[in-house]
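Q: Structure supplied as run-v4.pdb; contents: PDB, C-alpha atoms and all ligand atoms.
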ATOM      1  CA  MET A 259     -21.338  -7.722  -8.629
ATOM      2  CA  LEU A 260     -22.738  -4.289  -9.415
ATOM      3  CA  GLU A 261     -20.605  -1.618 -11.080
ATOM      4  CA  PHE A 262     -20.929   2.086 -10.345
ATOM      5  CA  ASN A 263     -19.240   4.956 -12.134
ATOM      6  CA  THR A 264     -20.827   7.882 -10.310
ATOM      7  CA  ILE A 265     -20.689   8.887  -6.659
ATOM      8  CA  ALA A 266     -24.452   9.515  -6.522
ATOM      9  CA  GLU A 267     -25.381   6.009  -7.731
ATOM     10  CA  LEU A 268     -22.907   4.305  -5.417
ATOM     11  CA  ARG A 269     -24.164   6.333  -2.427
ATOM     12  CA  LYS A 270     -27.760   5.406  -3.172
ATOM     13  CA  ALA A 271     -26.951   1.689  -3.343
ATOM     14  CA  LEU A 272     -24.864   1.837  -0.140
ATOM     15  CA  LYS A 273     -27.631   3.648   1.706
ATOM     16  CA  ALA A 274     -30.017   0.830   0.805
ATOM     17  CA  GLU A 275     -27.509  -1.765   2.138
ATOM     18  CA  ARG A 276     -27.014   0.123   5.382
ATOM     19  CA  SER A 277     -30.760   0.519   5.888
ATOM     20  CA  LYS A 278     -30.976  -3.304   5.796
ATOM     21  CA  GLY A 279     -28.429  -3.372   8.623
ATOM     22  CA  LYS A 280     -25.563  -4.620   6.411
ATOM     23  CA  THR A 281     -21.973  -3.863   7.418
ATOM     24  CA  THR A 282     -19.569  -2.635   4.731
ATOM     25  CA  ALA A 283     -15.876  -3.178   4.049
ATOM     26  CA  PHE A 284     -13.929  -1.079   1.567
ATOM     27  CA  VAL A 285     -10.789  -1.872  -0.455
ATOM     28  CA  PRO A 286      -9.454   1.093  -2.466
ATOM     29  CA  THR A 287      -7.116   0.176  -5.330
ATOM     30  CA  MET A 288      -5.571   1.424  -8.551
ATOM     31  CA  GLY A 289      -6.525  -1.806 -10.327
ATOM     32  CA  TYR A 290      -4.458  -4.293 -12.366
ATOM     33  CA  PHE A 291      -5.220  -6.876  -9.725
ATOM     34  CA  HIS A 292      -2.823  -9.446  -8.348
ATOM     35  CA  ASP A 293      -3.177 -11.776  -5.409
ATOM     36  CA  GLY A 294      -2.288  -8.956  -2.963
ATOM     37  CA  HIS A 295      -5.417  -7.055  -3.997
ATOM     38  CA  LEU A 296      -7.506 -10.235  -4.009
ATOM     39  CA  THR A 297      -6.307 -11.135  -0.498
ATOM     40  CA  LEU A 298      -7.539  -7.754   0.754
ATOM     41  CA  MET A 299     -10.914  -8.443  -0.887
ATOM     42  CA  ARG A 300     -11.141 -11.973   0.583
ATOM     43  CA  GLU A 301     -10.352 -10.586   4.053
ATOM     44  CA  ALA A 302     -12.999  -7.890   3.528
ATOM     45  CA  LYS A 303     -15.518 -10.588   2.593
ATOM     46  CA  LYS A 304     -14.820 -12.432   5.866
ATOM     47  CA  ARG A 305     -15.329  -9.291   7.933
ATOM     48  CA  ALA A 306     -18.394  -7.564   6.445
ATOM     49  CA  ASP A 307     -21.677  -8.230   4.619
ATOM     50  CA  CYS A 308     -21.061  -5.911   1.689
ATOM     51  CA  VAL A 309     -17.621  -5.503   0.066
ATOM     52  CA  VAL A 310     -16.912  -2.372  -1.951
ATOM     53  CA  VAL A 311     -13.785  -2.144  -4.146
ATOM     54  CA  SER A 312     -12.720   0.992  -5.987
ATOM     55  CA  ILE A 313     -10.441   1.211  -9.008
ATOM     56  CA  PHE A 314      -9.042   4.682  -9.537
ATOM     57  CA  VAL A 315      -5.588   5.565 -10.823
ATOM     58  CA  ASN A 316      -5.346   8.749  -8.820
ATOM     59  CA  PRO A 317      -3.502  11.472 -10.783
ATOM     60  CA  THR A 318      -2.814  13.651  -7.723
ATOM     61  CA  GLN A 319      -0.496  11.049  -6.162
ATOM     62  CA  PHE A 320       1.787  10.851  -9.216
ATOM     63  CA  GLY A 321       4.623  13.339  -9.731
ATOM     64  CA  PRO A 322       5.057  15.103 -13.107
ATOM     65  CA  ASN A 323       7.715  12.636 -14.320
ATOM     66  CA  GLU A 324       6.157   9.493 -12.891
ATOM     67  CA  ASP A 325       4.281   6.623 -14.548
ATOM     68  CA  LEU A 326       0.654   7.887 -14.463
ATOM     69  CA  ASP A 327       0.199   7.437 -18.215
ATOM     70  CA  LYS A 328       1.949   4.090 -18.310
ATOM     71  CA  TYR A 329       0.360   2.644 -15.164
ATOM     72  CA  PRO A 330      -0.919  -0.834 -16.159
ATOM     73  CA  ARG A 331      -4.684  -1.138 -16.625
ATOM     74  CA  ASN A 332      -7.014  -4.026 -17.474
ATOM     75  CA  LEU A 333     -10.567  -3.346 -16.334
ATOM     76  CA  GLU A 334     -12.049  -6.431 -18.030
ATOM     77  CA  ARG A 335      -9.750  -8.757 -16.139
ATOM     78  CA  ASP A 336     -10.155  -6.798 -12.878
ATOM     79  CA  ARG A 337     -13.966  -6.995 -13.076
ATOM     80  CA  SER A 338     -13.911 -10.743 -13.550
ATOM     81  CA  LEU A 339     -11.361 -11.353 -10.735
ATOM     82  CA  ALA A 340     -13.302  -9.160  -8.295
ATOM     83  CA  ALA A 341     -16.578 -10.883  -9.178
ATOM     84  CA  LYS A 342     -14.961 -14.297  -8.572
ATOM     85  CA  VAL A 343     -13.864 -13.245  -5.079
ATOM     86  CA  GLY A 344     -17.440 -12.182  -4.333
ATOM     87  CA  VAL A 345     -17.056  -8.407  -4.343
ATOM     88  CA  ASP A 346     -20.529  -6.832  -4.138
ATOM     89  CA  PHE A 347     -19.936  -3.317  -5.489
ATOM     90  CA  ILE A 348     -17.135  -2.120  -7.758
ATOM     91  CA  PHE A 349     -16.672   1.641  -8.082
ATOM     92  CA  ILE A 350     -14.801   2.866 -11.168
ATOM     93  CA  PRO A 351     -15.088   6.653 -11.347
ATOM     94  CA  THR A 352     -13.573   8.946 -13.971
ATOM     95  CA  VAL A 353     -10.994  11.558 -12.996
ATOM     96  CA  ASP A 354     -13.647  14.276 -13.505
ATOM     97  CA  GLU A 355     -16.014  12.513 -11.124
ATOM     98  CA  ILE A 356     -13.420  12.654  -8.334
ATOM     99  CA  TYR A 357     -11.819  16.001  -9.257
ATOM    100  CA  PRO A 358     -14.493  18.095 -11.000
ATOM    101  CA  LYS A 359     -13.711  21.530 -12.417
ATOM    102  CA  GLY A 360     -12.845  23.929  -9.596
ATOM    103  CA  TYR A 361     -11.633  21.180  -7.233
ATOM    104  CA  SER A 362      -9.451  22.884  -4.556
ATOM    105  CA  THR A 363      -9.230  20.841  -1.330
ATOM    106  CA  TYR A 364      -6.235  18.721  -0.301
ATOM    107  CA  ILE A 365      -5.275  16.800   2.826
ATOM    108  CA  ASP A 366      -1.723  17.200   4.127
ATOM    109  CA  VAL A 367      -0.580  14.799   6.817
ATOM    110  CA  GLU A 368       2.457  16.517   8.304
ATOM    111  CA  GLY A 369       5.690  15.078   9.713
ATOM    112  CA  ILE A 370       5.465  11.383   8.887
ATOM    113  CA  THR A 371       5.106  12.191   5.176
ATOM    114  CA  ASN A 372       8.562  13.829   5.141
ATOM    115  CA  ALA A 373      10.308  10.443   5.496
ATOM    116  CA  LEU A 374      10.856   7.428   3.207
ATOM    117  CA  CYS A 375       8.670   7.578   0.046
ATOM    118  CA  GLY A 376       7.321  10.989   1.059
ATOM    119  CA  ARG A 377      10.812  12.461   0.869
ATOM    120  CA  GLN A 378      11.455  10.884  -2.530
ATOM    121  CA  ARG A 379       8.047  11.655  -4.029
ATOM    122  CA  PRO A 380       7.023  15.193  -3.035
ATOM    123  CA  GLY A 381       3.235  15.552  -3.033
ATOM    124  CA  HIS A 382       2.647  11.790  -3.259
ATOM    125  CA  PHE A 383       1.072  11.396   0.177
ATOM    126  CA  ARG A 384      -0.915  14.620  -0.238
ATOM    127  CA  GLY A 385      -2.544  12.943  -3.247
ATOM    128  CA  VAL A 386      -3.015   9.631  -1.411
ATOM    129  CA  ALA A 387      -4.447  11.299   1.724
ATOM    130  CA  THR A 388      -6.804  13.426  -0.373
ATOM    131  CA  VAL A 389      -8.205  10.593  -2.468
ATOM    132  CA  VAL A 390      -8.501   8.183   0.463
ATOM    133  CA  THR A 391     -10.339  10.821   2.531
ATOM    134  CA  LYS A 392     -12.714  11.441  -0.374
ATOM    135  CA  LEU A 393     -13.297   7.730  -0.986
ATOM    136  CA  LEU A 394     -13.890   7.057   2.726
ATOM    137  CA  ASN A 395     -16.397   9.933   2.802
ATOM    138  CA  ILE A 396     -18.155   8.570  -0.271
ATOM    139  CA  VAL A 397     -18.315   4.927   0.851
ATOM    140  CA  GLN A 398     -18.545   5.486   4.641
ATOM    141  CA  PRO A 399     -17.496   1.898   5.320
ATOM    142  CA  ASP A 400     -17.300   0.258   8.748
ATOM    143  CA  ILE A 401     -13.821  -1.008   7.903
ATOM    144  CA  ALA A 402     -11.262  -0.314   5.181
ATOM    145  CA  LEU A 403      -8.368  -2.629   4.321
ATOM    146  CA  PHE A 404      -4.885  -1.632   3.168
ATOM    147  CA  GLY A 405      -1.730  -3.638   2.458
ATOM    148  CA  GLU A 406       1.323  -3.528   4.695
ATOM    149  CA  LYS A 407       3.409  -3.576   1.498
ATOM    150  CA  ASP A 408       2.746   0.171   1.444
ATOM    151  CA  TRP A 409       3.602   0.503   5.126
ATOM    152  CA  GLN A 410       4.037   4.286   5.190
ATOM    153  CA  GLN A 411       0.734   4.720   3.344
ATOM    154  CA  LEU A 412      -1.008   2.562   5.983
ATOM    155  CA  ILE A 413       0.425   4.686   8.811
ATOM    156  CA  VAL A 414      -0.498   7.943   7.004
ATOM    157  CA  ILE A 415      -4.084   6.717   6.539
ATOM    158  CA  LYS A 416      -4.386   5.610  10.173
ATOM    159  CA  ARG A 417      -3.135   9.076  11.183
ATOM    160  CA  LEU A 418      -5.595  11.019   9.016
ATOM    161  CA  VAL A 419      -8.546   8.836  10.064
ATOM    162  CA  SER A 420      -7.682   9.486  13.702
ATOM    163  CA  ASP A 421      -6.933  13.208  13.220
ATOM    164  CA  LEU A 422     -10.131  13.835  11.227
ATOM    165  CA  ASN A 423     -12.313  11.751  13.596
ATOM    166  CA  MET A 424     -13.468   9.490  10.791
ATOM    167  CA  ASP A 425     -15.670   6.625  11.941
ATOM    168  CA  VAL A 426     -13.893   3.768  10.194
ATOM    169  CA  GLU A 427     -11.539   1.030  11.347
ATOM    170  CA  ILE A 428      -8.364   0.775   9.256
ATOM    171  CA  ILE A 429      -7.042  -2.771   8.929
ATOM    172  CA  GLY A 430      -3.531  -3.608   7.674
ATOM    173  CA  ILE A 431      -3.025  -6.875   5.781
ATOM    174  CA  PRO A 432       0.417  -8.578   5.570
ATOM    175  CA  THR A 433       2.308  -8.373   2.269
ATOM    176  CA  VAL A 434       1.441 -11.079  -0.236
ATOM    177  CA  ARG A 435       4.526 -12.438  -2.012
ATOM    178  CA  GLU A 436       5.326 -14.566  -5.031
ATOM    179  CA  PRO A 437       6.548 -18.065  -4.057
ATOM    180  CA  ASP A 438      10.172 -16.860  -4.428
ATOM    181  CA  GLY A 439       9.611 -13.889  -2.084
ATOM    182  CA  LEU A 440       9.076 -10.969  -4.480
ATOM    183  CA  ALA A 441       6.360  -8.685  -3.084
ATOM    184  CA  MET A 442       3.412  -8.630  -5.480
ATOM    185  CA  SER A 443       2.946  -5.275  -7.200
ATOM    186  CA  SER A 444       1.143  -4.055 -10.307
ATOM    187  CA  ARG A 445       4.487  -2.479 -11.264
ATOM    188  CA  ASN A 446       6.177  -5.913 -11.436
ATOM    189  CA  SER A 447       4.629  -6.060 -14.923
ATOM    190  CA  TYR A 448       7.256  -3.498 -16.019
ATOM    191  CA  LEU A 449      10.075  -6.012 -15.336
ATOM    192  CA  SER A 450      11.873  -8.092 -17.979
ATOM    193  CA  ALA A 451      12.762 -11.675 -17.008
ATOM    194  CA  GLU A 452      16.298 -10.620 -16.014
ATOM    195  CA  GLU A 453      15.056  -7.624 -14.051
ATOM    196  CA  ARG A 454      12.470  -9.809 -12.309
ATOM    197  CA  SER A 455      15.207 -12.144 -11.068
ATOM    198  CA  ALA A 456      17.475  -9.229 -10.053
ATOM    199  CA  ALA A 457      14.559  -7.669  -8.129
ATOM    200  CA  LEU A 458      14.509 -10.708  -5.831
ATOM    201  CA  VAL A 459      17.487  -9.245  -3.972
ATOM    202  CA  ILE A 460      15.084  -6.751  -2.349
ATOM    203  CA  SER A 461      13.064  -9.362  -0.457
ATOM    204  CA  LYS A 462      16.230 -11.425   0.101
ATOM    205  CA  SER A 463      17.854  -8.464   1.829
ATOM    206  CA  LEU A 464      14.839  -8.109   4.145
ATOM    207  CA  THR A 465      15.185 -11.782   5.048
ATOM    208  CA  LEU A 466      18.879 -11.168   5.731
ATOM    209  CA  ALA A 467      17.935  -8.348   8.145
ATOM    210  CA  ALA A 468      15.555 -10.654  10.012
ATOM    211  CA  ASN A 469      18.201 -13.391  10.159
ATOM    212  CA  MET A 470      20.861 -10.995  11.476
ATOM    213  CA  VAL A 471      18.550  -9.871  14.287
ATOM    214  CA  ASP A 472      17.713 -13.501  15.047
ATOM    215  CA  ARG A 473      21.434 -14.177  15.398
ATOM    216  CA  GLY A 474      21.641 -11.382  17.960
ATOM    217  CA  GLU A 475      22.789  -8.420  15.823
ATOM    218  CA  ALA A 476      21.332  -5.197  17.267
ATOM    219  CA  SER A 477      23.267  -2.531  15.368
ATOM    220  CA  ALA A 478      21.132  -0.881  12.686
ATOM    221  CA  SER A 479      24.202   0.442  10.862
ATOM    222  CA  LYS A 480      25.735  -3.057  10.643
ATOM    223  CA  ILE A 481      22.464  -4.456   9.330
ATOM    224  CA  ALA A 482      22.109  -1.579   6.830
ATOM    225  CA  SER A 483      25.688  -2.119   5.547
ATOM    226  CA  ALA A 484      25.155  -5.843   5.057
ATOM    227  CA  LEU A 485      21.900  -5.258   3.159
ATOM    228  CA  LYS A 486      23.413  -2.550   0.960
ATOM    229  CA  GLU A 487      26.359  -4.802   0.143
ATOM    230  CA  LEU A 488      23.983  -7.581  -0.921
ATOM    231  CA  ILE A 489      21.820  -5.259  -3.013
ATOM    232  CA  GLU A 490      24.807  -3.613  -4.709
ATOM    233  CA  LYS A 491      25.838  -7.006  -6.093
ATOM    234  CA  GLU A 492      22.808  -6.815  -8.401
ATOM    235  CA  LYS A 493      23.853  -4.273 -10.986
ATOM    236  CA  ALA A 494      20.286  -3.978 -12.362
ATOM    237  CA  VAL A 495      18.997  -2.793  -8.959
ATOM    238  CA  LYS A 496      19.514   0.868  -8.021
ATOM    239  CA  LEU A 497      18.795   1.452  -4.356
ATOM    240  CA  GLU A 498      16.792   4.649  -3.739
ATOM    241  CA  TYR A 499      16.638   4.323   0.040
ATOM    242  CA  LEU A 500      17.147   1.753   2.746
ATOM    243  CA  GLU A 501      15.935   2.924   6.148
ATOM    244  CA  ILE A 502      15.896   1.229   9.518
ATOM    245  CA  CYS A 503      13.451   3.211  11.571
ATOM    246  CA  ASP A 504      10.570   3.393  14.004
ATOM    247  CA  PRO A 505       7.512   1.803  12.349
ATOM    248  CA  GLU A 506       5.150   4.613  13.418
ATOM    249  CA  THR A 507       7.239   7.814  13.391
ATOM    250  CA  PHE A 508       9.918   6.714  10.874
ATOM    251  CA  ALA A 509      12.600   8.236  13.125
ATOM    252  CA  PRO A 510      15.951   6.479  12.498
ATOM    253  CA  VAL A 511      16.789   3.684  14.914
ATOM    254  CA  GLU A 512      20.387   2.910  15.956
ATOM    255  CA  GLU A 513      19.886  -0.140  18.106
ATOM    256  CA  ILE A 514      17.186  -2.744  17.481
ATOM    257  CA  LYS A 515      15.484  -2.853  20.883
ATOM    258  CA  ALA A 516      11.845  -3.019  19.802
ATOM    259  CA  ASP A 517       9.828  -3.648  16.649
ATOM    260  CA  THR A 518      11.695  -1.796  13.888
ATOM    261  CA  LEU A 519      10.831  -1.134  10.259
ATOM    262  CA  VAL A 520      13.283  -1.970   7.492
ATOM    263  CA  ALA A 521      11.999  -0.148   4.403
ATOM    264  CA  ILE A 522      13.493  -0.272   0.914
ATOM    265  CA  ALA A 523      12.768   1.518  -2.343
ATOM    266  CA  ALA A 524      14.747   0.559  -5.426
ATOM    267  CA  TRP A 525      14.629   1.050  -9.160
ATOM    268  CA  VAL A 526      14.801  -2.033 -11.355
ATOM    269  CA  GLY A 527      14.639  -0.936 -14.979
ATOM    270  CA  LYS A 528      11.558   1.268 -15.291
ATOM    271  CA  ALA A 529       9.968  -0.070 -12.116
ATOM    272  CA  ARG A 530      10.248   1.662  -8.769
ATOM    273  CA  LEU A 531       9.674  -1.119  -6.257
ATOM    274  CA  ILE A 532       9.142  -0.863  -2.510
ATOM    275  CA  ASP A 533       9.188  -3.504   0.175
ATOM    276  CA  ASN A 534       9.547  -3.648   3.946
ATOM    277  CA  THR A 535       9.599  -5.885   6.956
ATOM    278  CA  ILE A 536       9.341  -5.498  10.710
ATOM    279  CA  ILE A 537      12.318  -6.879  12.597
ATOM    280  CA  ARG A 538      12.039  -7.846  16.238
ATOM    281  CA  PRO A 539      14.917  -8.192  18.720
ATOM    282  CA  LYS A 540      15.475 -11.696  19.939
ATOM    283  CA  LEU A 541      14.194 -12.220  23.472
ATOM    284  CA  GLU A 542      17.286 -12.668  25.659
ATOM    285  CA  ASN A 543      15.692 -15.155  27.992
ATOM    286  CA  PRO A 544      12.307 -16.309  26.747
ATOM    287  CA  GLY A 545      12.130 -18.928  29.498
ATOM    288  CA  ASN A 546      11.786 -16.218  32.129
ATOM    289  CA  LEU A 547       8.583 -14.716  30.808
ATOM    290  CA  GLY A 548       6.472 -16.710  33.217
TER
HETATM  291  P1  LIG B   1      -2.587  -0.329  -5.355
HETATM  292  O1  LIG B   1      -3.575  -0.810  -6.373
HETATM  293  O2  LIG B   1      -1.169  -0.660  -5.677
HETATM  294  O3  LIG B   1      -2.817   1.104  -4.944
HETATM  295  O4  LIG B   1      -2.898  -1.173  -4.042
HETATM  296  C1  LIG B   1      -4.186  -1.238  -3.489
HETATM  297  C2  LIG B   1      -4.100  -1.855  -2.117
HETATM  298  O5  LIG B   1      -3.525  -3.163  -2.214
HETATM  299  C3  LIG B   1      -3.212  -1.045  -1.155
HETATM  300  O6  LIG B   1      -3.782  -1.069   0.138
HETATM  301  C4  LIG B   1      -1.917  -1.817  -1.193
HETATM  302  O7  LIG B   1      -1.138  -1.669  -0.027
HETATM  303  C5  LIG B   1      -2.428  -3.236  -1.321
HETATM  304  N1  LIG B   1      -1.375  -4.101  -1.865
HETATM  305  C6  LIG B   1      -0.644  -3.906  -2.994
HETATM  306  N2  LIG B   1       0.260  -4.895  -3.141
HETATM  307  C7  LIG B   1       0.097  -5.736  -2.080
HETATM  308  C8  LIG B   1       0.722  -6.941  -1.661
HETATM  309  N3  LIG B   1       1.704  -7.509  -2.356
HETATM  310  N4  LIG B   1       0.287  -7.513  -0.523
HETATM  311  C9  LIG B   1      -0.707  -6.956   0.212
HETATM  312  N5  LIG B   1      -1.345  -5.828  -0.137
HETATM  313  C10 LIG B   1      -0.952  -5.221  -1.266
END
Here is a file; write its structure as structure tokens.
Ligand code: AMP

A:
Amino acid sequence: MLEFNTIAELRKALKAERSKGKTTAFVPTMGYFHDGHLTLMREAKKRADCVVVSIFVNPTQFGPNEDLDKYPRNLERDRSLAAKVGVDFIFIPTVDEIYPKGYSTYIDVEGITNALCGRQRPGHFRGVATVVTKLLNIVQPDIALFGEKDWQQLIVIKRLVSDLNMDVEIIGIPTVREPDGLAMSSRNSYLSAEERSAALVISKSLTLAANMVDRGEASASKIASALKELIEKEKAVKLEYLEICDPETFAPVEEIKADTLVAIAAWVGKARLIDNTIIRPKLENPGNLG
């Protein structure tokens, strides 16, 4: 695995790969790898000749009172995990390399960034959209992989790639979970043992939503009430939002008639955790589908 810290060096190496006819897959990250990140890298490896991973804790996507300074970092461990998976190039730029003096250009994806996490974290998706656009322009991969754990982020990136006519295929990868259901996240490292076990109620509530729909419940408000009741039993978990909405537009849904997103953000101690699932209405009469 080769490491690059400057855009110029990475570009030169990628140009050489492309001139040999190699395809490239890109996995942008903020580091502190867990199996969710490694799954994205393994998938990338299956789909392209040359896998590029970036580690950049992007300051523009953090609000003034958020955890930028405390965000967990361990480059030594990340390098060795990425090398084991077979990553070819790892790109670890400084903040000045990405945002040099005089930097003034930002990408705003309108509408869909006013919902869910975008509503709670003003400017967050502007930072995400800006850095992802820059990284995609730098790497110019054939494909780029993102986790469905950050569902809204995935939809925002698909939107900007389409709107800006970028020649890259965006691939979403299902959420990787701990054996007990907790969605893997670098921020899980903030949790004490008690908080970690309280946090389980988030994924449990998503399972409850899926089970309710399977049993024929179609009312979003009934599902939302049941989930909130379950989550409120865990005193250590403070629900920030629970939305049942269209998975592409994030418009609220009242009746579950098609694929619907259940998205949750909650605070557990110092950790702001997010998770989601897609619920599908039960087919009334599957035998009649021919
Ligand atoms: P991050 O380092 O948190 O910015 O995440 C980098 C990439 O890994 C993003 O595309 C995330 O959506 C993805 N990711 C993070 N956690 C998971 C997970 N548990 N399962 C699948 N993908 C994930």

Q: Selection in question (the file shown): the PyMOL selection byres (((not hetatm)) within 6 of (chain B and resi 1)). Which residues does it include, as a VMD selection string?

A: chain A and resid 286 to 289 294 to 295 404 to 408 432 to 435 441 to 443

Q: List as JSON, numbers by chain the protein and nucleic acid residues near segment 261-277 of chain A, meaning an atom at most 6 Å away when all atoms listed in the file are counted, but skip any in the same chain fewer than 6 places from it.

A: {"A": [347, 348, 349, 350, 351]}

Q: For each of A:Lys480, A:Leu500, A:Tyr448, A:Lys528, take the minimum atom-to-atom distance to Glu513 of chain A, counting all atoms listed in the file, then give the residue where this is smallest.

A: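 Among A:Lys480, A:Leu500, A:Tyr448, A:Lys528, it is A:Lys480 that comes nearest to Glu513 of chain A.
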
Q: Work out how far apart atom CA of Arg379 of chain A and atom CA of Met424 of chain A are and give it in Å to one decimal.

A: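 A separation of 26.2 Å between them.
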
Q: Once the PyMOL selection byres (((chain A and resi 365) around 6) and not hetatm) has been applied to the shown file, what residues remain in the selection, as a compact mmCIF listing (two decimals) with C-alpha atoms, in the frame of the given file?

A:
# COMPACT_ATOMS: atom_id res chain seq x y z
CA TYR A 364 -6.24 18.72 -0.30
CA ASP A 366 -1.72 17.20 4.13
CA ARG A 384 -0.92 14.62 -0.24
CA ALA A 387 -4.45 11.30 1.72
CA THR A 388 -6.80 13.43 -0.37

Q: To test your reading of the syntax: which residues would the PyMOL selection byres (((chain A and resi 527) around 8) and not hetatm) return for the file shown? Reply as a PyMOL selection string.

A: chain A and resi 448-449+453+494-495+525-526+528-529

Q: Mind dumping the selected residues with C-alpha atoms as a PDB file, keeping the file's coordinate frame?

A:
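Listed below is the output, part-v9.pdb:
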ATOM      1  CA  TYR A 448       7.256  -3.498 -16.019  1.00  0.00           C
ATOM      2  CA  LEU A 449      10.075  -6.012 -15.336  1.00  0.00           C
ATOM      3  CA  GLU A 453      15.056  -7.624 -14.051  1.00  0.00           C
ATOM      4  CA  ALA A 494      20.286  -3.978 -12.362  1.00  0.00           C
ATOM      5  CA  VAL A 495      18.997  -2.793  -8.959  1.00  0.00           C
ATOM      6  CA  TRP A 525      14.629   1.050  -9.160  1.00  0.00           C
ATOM      7  CA  VAL A 526      14.801  -2.033 -11.355  1.00  0.00           C
ATOM      8  CA  LYS A 528      11.558   1.268 -15.291  1.00  0.00           C
ATOM      9  CA  ALA A 529       9.968  -0.070 -12.116  1.00  0.00           C
TER      10      ALA A 529
END

Q: Might you pull out every residue within 7 Å of Pro539 of chain A, with all atoms listed in the file counted and same-chain residues fewer than 6 positions away left off, and present them as an MDAnalysis selection string?

A: chainID A and resid 471 514:516

Q: So what do you get for atom CA of Leu394 of chain A versus atom CA of Ile415 of chain A, distance-wise?

A: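 Answer for the atom CA of Leu394 of chain A to atom CA of Ile415 of chain A separation: 10.5 Å.
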
Q: List as a list in words the protein and nucleic acid residues near Asp504 of chain A, meaning an atom at most 12 Å away when only C-alpha atoms are counted, but skip any in the same chain fewer than 6 places from it.

A: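 Everything that qualifies: Ile370, Ala373, Leu374, Trp409, Gln410, Ile413, Ala478, Pro510, Val511, Glu512, Glu513, Ile514, Lys515, Ala516, Asp517, Thr518, Leu519, Val520, Ala521, Thr535, Ile536, Ile537 and Arg538 of chain A.
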
Q: So how many Å separate atom CA of Asp438 of chain A and atom CA of Asp533 of chain A, to one decimal?

A: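 The value is 14.2 Å.
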
Q: With a distance cut-off of 7 Å and only C-alpha atoms, select the neighbouring residues of Leu298 of chain A, excluding the residue or stretch itself and same-chain residues fewer than 3 positions from it, and output the selection as a VMD selection string.

A: chain A and resid 285 294 to 295 301 to 302 403 431

Q: Using only C-alpha atoms for the distances, tell me which of A:Asn372, A:Gln411, A:Asp293, A:Ser483 is nearest to Ala509 of chain A.

A: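 Smallest separation from Ala509 of chain A among the options: A:Asn372.
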
Q: Which residue is closest to Pro380 of chain A? Choose from A:Ser461, A:Gln398, A:Val426, A:Glu324 and count all atoms listed in the file.

A: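 Using all atoms listed in the file, the shortest distance to Pro380 of chain A belongs to A:Glu324.
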
Q: Which residues come within 12 Å of Arg331 of chain A, counting all atoms listed in the file, excluding same-chain residues fewer than 4 positions away, as a ChimeraX atom specification?

A: /A:287-292,313-315,326-327,335-337,444-445,447

Q: For those residues, write C-alpha atoms to a file as a compact mmCIF listing (two decimals), keeping the file's coordinate frame.

A:
# COMPACT_ATOMS: atom_id res chain seq x y z
CA THR A 287 -7.12 0.18 -5.33
CA MET A 288 -5.57 1.42 -8.55
CA GLY A 289 -6.52 -1.81 -10.33
CA TYR A 290 -4.46 -4.29 -12.37
CA PHE A 291 -5.22 -6.88 -9.72
CA HIS A 292 -2.82 -9.45 -8.35
CA ILE A 313 -10.44 1.21 -9.01
CA PHE A 314 -9.04 4.68 -9.54
CA VAL A 315 -5.59 5.56 -10.82
CA LEU A 326 0.65 7.89 -14.46
CA ASP A 327 0.20 7.44 -18.22
CA ARG A 335 -9.75 -8.76 -16.14
CA ASP A 336 -10.15 -6.80 -12.88
CA ARG A 337 -13.97 -7.00 -13.08
CA SER A 444 1.14 -4.06 -10.31
CA ARG A 445 4.49 -2.48 -11.26
CA SER A 447 4.63 -6.06 -14.92

Q: When you count only C-alpha atoms, which of these residues is closest to Thr363 of chain A: A:Val389, A:Leu440, A:Cys308, A:Ala457?

A: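 Selected residue with least distance to Thr363 of chain A: A:Val389.
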
Q: Extending 6 Å beyond the listed atoms of segment 314-325 of chain A on each side, what axis-aligned box results? I want centre and edge lengths in Å to one decimal, as AutoDock Vina command-line options.

A:
--center_x -0.7 --center_y 9.9 --center_z -10.4 --size_x 28.8 --size_y 22.4 --size_z 20.4

Q: Which residue is closest to Thr282 of chain A? Choose from A:Glu368, A:Glu334, A:Glu427, A:Glu475 and count all atoms listed in the file.

A: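 Distance minimum relative to Thr282 of chain A lands on A:Glu427.
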
Q: Of the candidates A:Asp354, A:Glu436, A:Glu501, A:Glu492, which shows the shortest atom-to-atom distance to Asn534 of chain A, using all atoms listed in the file?

A: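 Result for the nearest residue to Asn534 of chain A: A:Glu501.
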
Q: Using the structure just given, write a file holding N, CA, C and O atoms for segment 276-280 of chain A, as an mmCIF file, in the first residue's frame.

A:
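Contents of decode-v5.cif, freshly written:
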data_model
loop_
_atom_site.group_PDB
_atom_site.id
_atom_site.type_symbol
_atom_site.label_atom_id
_atom_site.label_comp_id
_atom_site.auth_asym_id
_atom_site.auth_seq_id
_atom_site.Cartn_x
_atom_site.Cartn_y
_atom_site.Cartn_z
ATOM 1 N N ARG A 276 -4.268 4.589 -14.435
ATOM 2 C CA ARG A 276 -5.276 4.695 -15.498
ATOM 3 C C ARG A 276 -4.661 4.444 -16.868
ATOM 4 O O ARG A 276 -5.289 3.832 -17.725
ATOM 5 N N SER A 277 -3.416 4.912 -17.055
ATOM 6 C CA SER A 277 -2.782 4.731 -18.366
ATOM 7 C C SER A 277 -2.497 3.241 -18.625
ATOM 8 O O SER A 277 -2.353 2.820 -19.760
ATOM 9 N N LYS A 278 -2.452 2.448 -17.555
ATOM 10 C CA LYS A 278 -2.294 0.986 -17.726
ATOM 11 C C LYS A 278 -3.653 0.305 -17.921
ATOM 12 O O LYS A 278 -3.751 -0.921 -17.929
ATOM 13 N N GLY A 279 -4.712 1.125 -17.964
ATOM 14 C CA GLY A 279 -6.052 0.569 -18.162
ATOM 15 C C GLY A 279 -6.708 0.077 -16.882
ATOM 16 O O GLY A 279 -7.727 -0.630 -16.920
ATOM 17 N N LYS A 280 -6.149 0.427 -15.719
ATOM 18 C CA LYS A 280 -6.716 -0.046 -14.441
ATOM 19 C C LYS A 280 -7.962 0.766 -14.068
ATOM 20 O O LYS A 280 -7.972 1.992 -14.218
#
